[in-house]
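Trainee: Have a look at this one before I ask anything.
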Amino acid sequence: MIILASASPRRKELLKLIFEEFEVIPADIDETVRKAIEIEQYPEYLALKKSRHIAEKRPASDVVIGCDTGVFIDDMMLGKPEDETQAEAMLKLLSGRTHKVITGCSIFYKGQNISFSETTEVEFYHLSETDIKEYILTGEPMDKAGAYGIQGKGALIVKRINGDYYNVMGMPVGMLKQKLKMFL
């Protein structure tokens, strides 16, 4: 059985590119990160925590995949905004600038684990106050790291990317498929 340890509808959609059938079991974990972990390693660390949490409760023959995505700028990780004010602040910070999107992935299978990260650089257009307010009104920023989704209306504020588009959505499917070949 293939298990996706995530509640993300985007990750579910993306994993369908690799597997026709799988089960979704969200990992309800404490997302606190140890202080010794470098900030850009947070997504991989959290992906490992998520996949391990589910793998410990499943048969070893199950393939458990965990992912976590963060948006990084100015030595900070931007998570999901708690409210519209926080979404506005994030979008202002990203406006006209390049940031990194890092997705960590972790796979457990038959007692073995492999974890990795993928990084994509994303550059935003300069956003006016109106641009930001209109985007927030779509509701799209509220459940996404960095307060935007490249696969939706967020595409209108992205000037360019350097790297894996699907990584920005939350799962680097090409790299994940390659890593799964080591197990399957």
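As shown in the structure tokens, the chain order sets the letters A, B, ...; within each chain, residues go from 1, and ligands are also counted from 1 in the order they appear.
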Fewer than 3 positions away in the same chain doesn't count, so skip those; otherwise give me all residues within 7 Å of range 67-71 of chain A, counting only C-alpha atoms, as a PyMOL selection string.

Mentor: chain A and resi 43-44+46-47+77-79+100-106+145-146+170-171

Trainee: Report as a list in words all protein, DNA and RNA residues lying within 9 Å of Ile18 in chain A, evaluated on only C-alpha atoms, omitting residues in the same chain fewer than 5 positions from it.

Mentor: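 Result of the neighbour search: Val173, Gly174, Leu176 and Lys177 of chain A.
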
Trainee: Generate a file of the selected residues that holds all heavy atoms, formatted as a PDB file, in the first residue's frame.

Mentor:
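Dumped everything to again.pdb:
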ATOM      1  N   VAL A 173       7.520  15.982  -7.951  1.00  0.00           N
ATOM      2  CA  VAL A 173       7.125  14.641  -8.386  1.00  0.00           C
ATOM      3  C   VAL A 173       8.190  13.920  -9.204  1.00  0.00           C
ATOM      4  O   VAL A 173       8.341  12.708  -9.080  1.00  0.00           O
ATOM      5  CB  VAL A 173       5.767  14.639  -9.134  1.00  0.00           C
ATOM      6  CG1 VAL A 173       4.632  14.934  -8.184  1.00  0.00           C
ATOM      7  CG2 VAL A 173       5.767  15.591 -10.304  1.00  0.00           C
ATOM      8  N   GLY A 174       8.915  14.642 -10.031  1.00  0.00           N
ATOM      9  CA  GLY A 174       9.963  14.007 -10.835  1.00  0.00           C
ATOM     10  C   GLY A 174      11.047  13.406  -9.947  1.00  0.00           C
ATOM     11  O   GLY A 174      11.414  12.234 -10.095  1.00  0.00           O
ATOM     12  N   LEU A 176      10.790  12.772  -6.727  1.00  0.00           N
ATOM     13  CA  LEU A 176      10.180  11.752  -5.876  1.00  0.00           C
ATOM     14  C   LEU A 176      10.099  10.423  -6.620  1.00  0.00           C
ATOM     15  O   LEU A 176      10.447   9.369  -6.067  1.00  0.00           O
ATOM     16  CB  LEU A 176       8.789  12.192  -5.424  1.00  0.00           C
ATOM     17  CG  LEU A 176       8.023  11.204  -4.551  1.00  0.00           C
ATOM     18  CD1 LEU A 176       8.769  10.894  -3.254  1.00  0.00           C
ATOM     19  CD2 LEU A 176       6.627  11.749  -4.237  1.00  0.00           C
ATOM     20  N   LYS A 177       9.682  10.440  -7.863  1.00  0.00           N
ATOM     21  CA  LYS A 177       9.606   9.214  -8.675  1.00  0.00           C
ATOM     22  C   LYS A 177      10.984   8.560  -8.793  1.00  0.00           C
ATOM     23  O   LYS A 177      11.107   7.343  -8.661  1.00  0.00           O
ATOM     24  CB  LYS A 177       9.041   9.542 -10.066  1.00  0.00           C
ATOM     25  CG  LYS A 177       9.051   8.401 -11.047  1.00  0.00           C
ATOM     26  CD  LYS A 177       8.115   7.293 -10.664  1.00  0.00           C
ATOM     27  CE  LYS A 177       8.065   6.257 -11.782  1.00  0.00           C
ATOM     28  NZ  LYS A 177       7.283   5.094 -11.417  1.00  0.00           N
TER      29      LYS A 177
END

Trainee: Name the residues of range 89-162 of chain A that fall into alpha helix (DSSP H) according to DSSP on the backbone, using the chain letters and numbers of this document, as a JSON list (two decimals) with C-alpha atoms, in the first residue's frame.

Mentor:
[["chain", "number", "residue", "atom", "x", "y", "z"],
["A", 89, "ALA", "CA", 2.61, 41.18, 5.18],
["A", 90, "MET", "CA", 4.02, 38.06, 3.49],
["A", 91, "LEU", "CA", 3.01, 39.20, 0.02],
["A", 92, "LYS", "CA", 4.53, 42.65, 0.63],
["A", 93, "LEU", "CA", 7.76, 41.00, 1.73],
["A", 94, "LEU", "CA", 7.87, 38.81, -1.41],
["A", 129, "GLU", "CA", -1.48, 47.42, -2.56],
["A", 130, "THR", "CA", -4.42, 46.77, -4.91],
["A", 131, "ASP", "CA", -2.76, 43.66, -6.37],
["A", 132, "ILE", "CA", -2.24, 42.28, -2.88],
["A", 133, "LYS", "CA", -5.74, 43.08, -1.64],
["A", 134, "GLU", "CA", -7.36, 41.60, -4.77],
["A", 135, "TYR", "CA", -5.33, 38.42, -4.42],
["A", 136, "ILE", "CA", -6.20, 38.05, -0.75],
["A", 137, "LEU", "CA", -9.90, 38.47, -1.60]]

Trainee: Looking at A:Met1, A:Met76, A:Val64, A:Val24, which one is nearest to Glu38 in chain A, with distances taken over only C-alpha atoms?

Mentor: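 Of the candidates, the smallest distance to Glu38 in chain A is held by A:Met76.
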
Trainee: For Glu88 in chain A, which residue out of A:Arg10, A:Arg34, A:Lys179, A:Ser128 is the nearest one, using only C-alpha atoms?

Mentor: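 So, comparing all the options, the nearest one is A:Ser128.
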
Trainee: What are the closest atom pairs, with distances in Å to one decimal, for each residue of range 71-179 of chain A lying within 9 Å of range 52-59 of chain A, using only C-alpha atoms, rows by chain and rising residue number, as a tab-separated table?

Mentor:
residue	atom	partner	partner_atom	distance
A:Ser106	CA	A:Arg52	CA	8.4
A:Ile107	CA	A:Arg52	CA	8.5
A:Phe108	CA	A:Ala55	CA	6.5
A:Tyr109	CA	A:Ala55	CA	8.1
A:Lys110	CA	A:Pro59	CA	8.3
A:Gly111	CA	A:Ala55	CA	8.7
A:Asn113	CA	A:Arg52	CA	8.8

Trainee: By how many Å are CA of Lys16 in chain A and CA of Asp62 in chain A apart?

Mentor: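 Atom-to-atom, CA of Lys16 in chain A to CA of Asp62 in chain A, that is 16.9 Å.
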